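> Handing over protein-v1.cif, mmCIF, C-alpha atoms.
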data_work
#
loop_
_atom_site.group_PDB
_atom_site.id
_atom_site.type_symbol
_atom_site.label_atom_id
_atom_site.label_comp_id
_atom_site.auth_asym_id
_atom_site.auth_seq_id
_atom_site.Cartn_x
_atom_site.Cartn_y
_atom_site.Cartn_z
ATOM 1 C CA SER A 815 -9.718 53.790 -3.430
ATOM 2 C CA GLN A 816 -10.446 57.213 -4.850
ATOM 3 C CA TYR A 817 -14.197 56.616 -4.819
ATOM 4 C CA MET A 818 -14.091 55.388 -1.214
ATOM 5 C CA GLU A 819 -11.726 58.194 -0.191
ATOM 6 C CA ALA A 820 -9.149 55.667 1.005
ATOM 7 C CA LYS A 821 -5.459 55.624 0.152
ATOM 8 C CA HIS A 822 -5.241 52.023 -1.050
ATOM 9 C CA CYS A 823 -7.440 49.342 -2.599
ATOM 10 C CA LEU A 824 -6.825 45.695 -3.501
ATOM 11 C CA ALA A 825 -9.040 43.228 -5.337
ATOM 12 C CA PHE A 826 -9.194 39.662 -4.009
ATOM 13 C CA PRO A 827 -10.972 36.566 -5.356
ATOM 14 C CA PHE A 828 -13.447 36.818 -2.445
ATOM 15 C CA ALA A 829 -14.051 39.237 0.424
ATOM 16 C CA ARG A 830 -13.363 36.368 2.826
ATOM 17 C CA THR A 831 -9.919 35.969 1.220
ATOM 18 C CA ALA A 832 -9.196 39.617 2.027
ATOM 19 C CA ILE A 833 -10.372 39.086 5.618
ATOM 20 C CA TYR A 834 -8.272 35.919 5.908
ATOM 21 C CA TYR A 835 -5.040 37.603 4.847
ATOM 22 C CA THR A 836 -5.802 40.707 6.885
ATOM 23 C CA LEU A 837 -6.233 38.723 10.107
ATOM 24 C CA LYS A 838 -3.332 36.420 9.261
ATOM 25 C CA SER A 839 -1.049 39.421 8.708
ATOM 26 C CA LYS A 840 -1.689 40.564 12.281
ATOM 27 C CA SER A 841 -0.165 37.335 13.692
ATOM 28 C CA PHE A 842 -2.597 37.222 16.584
ATOM 29 C CA PRO A 843 -1.758 34.465 19.083
ATOM 30 C CA GLU A 844 -3.744 31.248 18.741
ATOM 31 C CA GLY A 845 -7.034 31.537 20.642
ATOM 32 C CA SER A 846 -7.216 35.337 20.340
ATOM 33 C CA GLU A 847 -10.796 36.530 20.312
ATOM 34 C CA ILE A 848 -12.347 38.116 17.245
ATOM 35 C CA ILE A 849 -15.693 39.785 17.855
ATOM 36 C CA MET A 850 -18.248 39.255 15.116
ATOM 37 C CA PRO A 851 -21.995 39.546 14.650
ATOM 38 C CA PRO A 852 -24.254 36.495 14.818
ATOM 39 C CA ILE A 853 -25.500 37.356 11.318
ATOM 40 C CA SER A 854 -22.694 36.446 8.951
ATOM 41 C CA ILE A 855 -21.768 33.927 6.302
ATOM 42 C CA LYS A 856 -20.152 30.628 7.153
ATOM 43 C CA GLY A 857 -17.115 31.538 5.030
ATOM 44 C CA ILE A 858 -16.127 34.327 7.408
ATOM 45 C CA LEU A 859 -16.549 32.077 10.439
ATOM 46 C CA ASP A 860 -14.393 29.489 8.633
ATOM 47 C CA VAL A 861 -11.676 32.140 8.167
ATOM 48 C CA ILE A 862 -11.523 32.857 11.887
ATOM 49 C CA ILE A 863 -11.502 29.200 12.861
ATOM 50 C CA SER A 864 -8.895 28.266 10.223
ATOM 51 C CA LEU A 865 -6.537 30.847 11.723
ATOM 52 C CA LYS A 866 -7.049 29.201 15.147
ATOM 53 C CA LEU A 867 -8.734 32.321 16.448
ATOM 54 C CA LYS A 868 -11.824 32.298 18.640
ATOM 55 C CA PRO A 869 -15.040 33.853 17.304
ATOM 56 C CA VAL A 870 -17.007 35.787 19.906
ATOM 57 C CA PHE A 871 -20.553 36.535 18.835
ATOM 58 C CA VAL A 872 -22.093 39.755 20.116
ATOM 59 C CA ASP A 873 -25.817 40.254 19.717
ATOM 60 C CA ILE A 874 -27.172 42.995 17.510
ATOM 61 C CA ASP A 875 -29.235 46.041 18.315
ATOM 62 C CA HIS A 876 -32.736 45.704 16.871
ATOM 63 C CA ASP A 877 -32.766 49.266 15.523
ATOM 64 C CA THR A 878 -29.340 49.415 13.853
ATOM 65 C CA LEU A 879 -28.796 45.700 13.085
ATOM 66 C CA CYS A 880 -25.219 46.314 14.205
ATOM 67 C CA PHE A 881 -23.704 45.439 17.581
ATOM 68 C CA ASN A 882 -25.634 46.107 20.754
ATOM 69 C CA LEU A 883 -23.077 48.460 22.269
ATOM 70 C CA ASN A 884 -23.739 47.419 25.878
ATOM 71 C CA GLU A 885 -23.236 43.761 24.930
ATOM 72 C CA LEU A 886 -20.139 44.710 22.964
ATOM 73 C CA ARG A 887 -18.569 46.406 25.990
ATOM 74 C CA LYS A 888 -19.282 43.334 28.140
ATOM 75 C CA SER A 889 -17.777 40.956 25.563
ATOM 76 C CA ILE A 890 -14.360 42.590 25.265
ATOM 77 C CA THR A 891 -11.630 40.859 27.275
ATOM 78 C CA THR A 892 -7.859 41.156 27.451
ATOM 79 C CA ASN A 893 -7.771 38.385 24.840
ATOM 80 C CA THR A 894 -9.927 40.310 22.324
ATOM 81 C CA LYS A 895 -7.724 41.457 19.454
ATOM 82 C CA ALA A 896 -10.050 42.436 16.617
ATOM 83 C CA ILE A 897 -13.619 43.160 15.653
ATOM 84 C CA LEU A 898 -15.461 42.457 12.430
ATOM 85 C CA ILE A 899 -18.168 45.081 12.022
ATOM 86 C CA THR A 900 -20.877 44.128 9.534
ATOM 87 C CA TYR A 901 -23.399 46.708 8.393
ATOM 88 C CA LEU A 902 -26.723 45.418 7.122
ATOM 89 C CA TYR A 903 -29.539 46.646 4.882
ATOM 90 C CA GLY A 904 -28.226 50.199 4.487
ATOM 91 C CA ILE A 905 -28.687 51.010 8.175
ATOM 92 C CA VAL A 906 -25.925 53.144 9.685
ATOM 93 C CA PRO A 907 -25.215 52.749 13.417
ATOM 94 C CA ASP A 908 -23.758 55.385 15.756
ATOM 95 C CA MET A 909 -20.215 55.186 14.424
ATOM 96 C CA GLU A 910 -18.724 57.582 16.970
ATOM 97 C CA GLU A 911 -19.629 55.419 19.935
ATOM 98 C CA LEU A 912 -18.896 52.130 18.156
ATOM 99 C CA ILE A 913 -15.451 53.184 16.937
ATOM 100 C CA ASN A 914 -14.589 54.802 20.286
ATOM 101 C CA ILE A 915 -15.299 51.504 22.059
ATOM 102 C CA CYS A 916 -13.000 49.723 19.602
ATOM 103 C CA LEU A 917 -10.214 52.293 19.820
ATOM 104 C CA ASN A 918 -10.386 52.522 23.620
ATOM 105 C CA ASN A 919 -9.863 48.755 23.728
ATOM 106 C CA LYS A 920 -7.126 48.790 21.060
ATOM 107 C CA LEU A 921 -9.074 46.499 18.735
ATOM 108 C CA PHE A 922 -8.058 46.004 15.128
ATOM 109 C CA ILE A 923 -11.134 47.002 13.113
ATOM 110 C CA VAL A 924 -12.339 45.218 9.981
ATOM 111 C CA GLU A 925 -15.469 46.736 8.443
ATOM 112 C CA ASP A 926 -17.625 44.670 6.112
ATOM 113 C CA PHE A 927 -19.611 47.279 4.209
ATOM 114 C CA SER A 928 -20.909 44.872 1.560
ATOM 115 C CA HIS A 929 -24.552 45.714 2.304
ATOM 116 C CA ASN A 930 -23.924 49.421 2.821
ATOM 117 C CA LEU A 931 -22.027 50.659 -0.227
ATOM 118 C CA ASN A 932 -22.401 54.458 -0.367
ATOM 119 C CA ALA A 933 -23.627 54.704 3.232
ATOM 120 C CA THR A 934 -22.104 57.519 5.270
ATOM 121 C CA PHE A 935 -21.952 58.725 8.847
ATOM 122 C CA LYS A 936 -21.489 62.489 9.139
ATOM 123 C CA GLY A 937 -20.116 62.614 5.595
ATOM 124 C CA LYS A 938 -17.595 59.783 6.000
ATOM 125 C CA LYS A 939 -18.170 56.520 4.108
ATOM 126 C CA LEU A 940 -18.661 53.262 5.971
ATOM 127 C CA GLY A 941 -15.650 51.073 5.380
ATOM 128 C CA THR A 942 -13.239 53.925 6.136
ATOM 129 C CA PHE A 943 -13.608 54.131 9.919
ATOM 130 C CA GLY A 944 -11.493 51.093 10.782
ATOM 131 C CA ASN A 945 -8.136 49.675 9.799
ATOM 132 C CA VAL A 946 -9.596 47.832 6.807
ATOM 133 C CA GLY A 947 -12.840 47.980 4.879
ATOM 134 C CA VAL A 948 -13.980 44.949 2.893
ATOM 135 C CA TYR A 949 -16.611 44.800 0.169
ATOM 136 C CA SER A 950 -17.991 41.601 -1.344
ATOM 137 C CA SER A 951 -19.031 42.123 -4.943
ATOM 138 C CA SER A 952 -21.073 38.944 -5.236
ATOM 139 C CA SER A 953 -24.340 38.646 -7.096
ATOM 140 C CA LEU A 954 -26.534 39.916 -4.276
ATOM 141 C CA LYS A 955 -24.639 43.168 -3.745
ATOM 142 C CA THR A 956 -25.148 46.653 -5.166
ATOM 143 C CA PHE A 957 -21.891 46.501 -7.122
ATOM 144 C CA ASP A 958 -21.878 43.015 -8.638
ATOM 145 C CA THR A 959 -18.871 41.623 -10.476
ATOM 146 C CA PHE A 960 -20.033 37.996 -10.303
ATOM 147 C CA GLY A 961 -17.713 37.427 -7.360
ATOM 148 C CA GLY A 962 -14.646 38.969 -5.882
ATOM 149 C CA GLY A 963 -13.886 41.236 -2.998
ATOM 150 C CA LEU A 964 -12.350 44.646 -2.547
ATOM 151 C CA LEU A 965 -10.245 45.749 0.400
ATOM 152 C CA ILE A 966 -9.516 49.372 1.286
ATOM 153 C CA THR A 967 -7.096 50.748 3.840
ATOM 154 C CA ASN A 968 -5.146 53.879 4.659
ATOM 155 C CA ASP A 969 -2.304 51.880 6.223
ATOM 156 C CA LEU A 970 0.555 51.704 3.714
ATOM 157 C CA LYS A 971 2.493 49.051 5.642
ATOM 158 C CA LEU A 972 -0.561 46.779 5.869
ATOM 159 C CA PHE A 973 -1.388 47.455 2.212
ATOM 160 C CA LYS A 974 2.080 46.293 1.134
ATOM 161 C CA VAL A 975 1.804 43.117 3.226
ATOM 162 C CA LEU A 976 -1.622 42.350 1.771
ATOM 163 C CA GLN A 977 -0.472 43.208 -1.739
ATOM 164 C CA ASN A 978 2.308 40.635 -1.331
ATOM 165 C CA CYS A 979 -0.211 38.059 -0.048
ATOM 166 C CA LYS A 980 -2.421 38.699 -3.057
ATOM 167 C CA MET A 981 0.454 38.419 -5.509
ATOM 168 C CA ASN A 982 1.368 35.021 -4.009
ATOM 169 C CA LEU A 983 -2.096 33.531 -4.375
ATOM 170 C CA LYS A 984 -2.041 30.413 -6.519
ATOM 171 C CA LYS A 985 -3.339 30.984 -10.014
ATOM 172 C CA PRO A 986 -6.356 28.870 -10.974
ATOM 173 C CA PRO A 987 -5.710 26.132 -13.544
#
Mind turning the file's structure into structure tokens?


Amino acid sequence: SQYMEAKHCLAFPFARTAIYYTLKSKSFPEGSEIIMPPISIKGILDVIISLKLKPVFVDIDHDTLCFNLNELRKSITTNTKAILITYLYGIVPDMEELINICLNNKLFIVEDFSHNLNATFKGKKLGTFGNVGVYSSSSLKTFDTFGGGLLITNDLKLFKVLQNCKMNLKKPP
């Protein structure tokens, strides 16, 4: 948390586990829309579906490999509750406009900065713009711990809920 300049950090068995408990903790109604990029791993899609939420894929911008902001605006409905922002290949999008769209639509923001560790926008690290930042430390990432995921947040209430979720995970045999 200190390195990322966030107040709190939790380690989970996988980044997708952190995303699962984060979305579950929000108690979104069944069928709520979660915006996500078309480039993702099946495990994250499985998380959304297992929570009975509806994935909404928004195409990416060819220059930033993050959401096409015009398509993002068109995709947000009254049923959209959260957005999963995934940054790819070290490319940093226009965070001001992206985050403003999310905030103006009251979206819960989960940032997956697994491919952009150390990336910044105007001096602020990716992963710290939203409600939660998630980092997968699998074998293909910059910081590899042979698996696992890290979650950062500045929200103490959410941190305590997620800390409780983590503590109640079943121990492996």

> Run the PyMOL selection byres ((chain A and resi 878) around 9) on the file and write out the hits as number ranges by chain.

A: 874-877, 879-882, 901-902, 905-908

> Please determine, counting all atoms listed in the file, which residue among A:Ala820, A:Ala896, A:Ala832, A:Leu859 has the shortest atom-to-atom distance to Leu976 in chain A.

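Going through A:Ala820, A:Ala896, A:Ala832, A:Leu859 one by one, the smallest distance to Leu976 in chain A is for A:Ala832.
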
> Evaluated on this file, the PyMOL selection byres ((chain A and resi 886) around 10) picks out some residues - which ones are they, written as an NGL selection string?

:A and (849-851 or 870-874 or 881-885 or 887-890 or 897 or 912 or 915-916)

> Which residues, protein or nucleic acid, reach to within 12 Å of (-12.1, 47.0, -0.1) in the file's coordinates when using all atoms listed in the file, and can you give that as a VMD selection string?

chain A and resid 815 to 833 836 924 to 928 931 940 to 942 944 to 951 962 to 968 973 976

> Using only C-alpha atoms, which residue out of A:Val975, A:Met909, A:Ile923, A:Leu867 lies closest to Glu844 in chain A?

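Counting only C-alpha atoms, the residue closest to Glu844 in chain A is A:Leu867.
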
> Closest to Leu972 in chain A among A:Phe922, A:Pro852, A:His929, A:Gly937, using all atoms listed in the file?

A:Phe922

> Measure the distance from CA of Leu983 in chain A to CA of Pro843 in chain A in Å and round it to one decimal.

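Going from CA of Leu983 in chain A over to CA of Pro843 in chain A, I get 23.5 Å.
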
> Using all atoms listed in the file, which of A:Ala933, A:Ile848, A:Leu865, A:Leu917 sits nearest Tyr835 in chain A?

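Result for the nearest residue to Tyr835 in chain A: A:Leu865.
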
> I'd like the interatomic distance between CA of Ile862 in chain A and CA of Pro986 in chain A, to a tenth of an Å.

23.8 Å

> So what do you get for CA of Ser839 in chain A versus CA of Phe943 in chain A, distance-wise?

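According to the coordinates, CA of Ser839 in chain A and CA of Phe943 in chain A are separated by 19.4 Å.
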
> Of the residues A:Ile858, A:Lys895, A:Pro869, A:Gln977, which is the one nearest to Ser841 in chain A, using all atoms listed in the file?

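For Ser841 in chain A, the nearest of the candidates is A:Lys895.
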
> Return as JSON the centre and edge lengths, in Å with one decimal, of the box along x, y and z that encloses every atom of range 968-972 of chain A in the file, padded by 8 Å per side.


{"center_x": -1.3, "center_y": 50.3, "center_z": 5.0, "size_x": 23.6, "size_y": 23.1, "size_z": 18.5}

> For Thr891 in chain A, which residue out of A:Ile863, A:Glu847, A:Ile913, A:Ile853 is the nearest one, using only C-alpha atoms?

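Distance minimum relative to Thr891 in chain A lands on A:Glu847.
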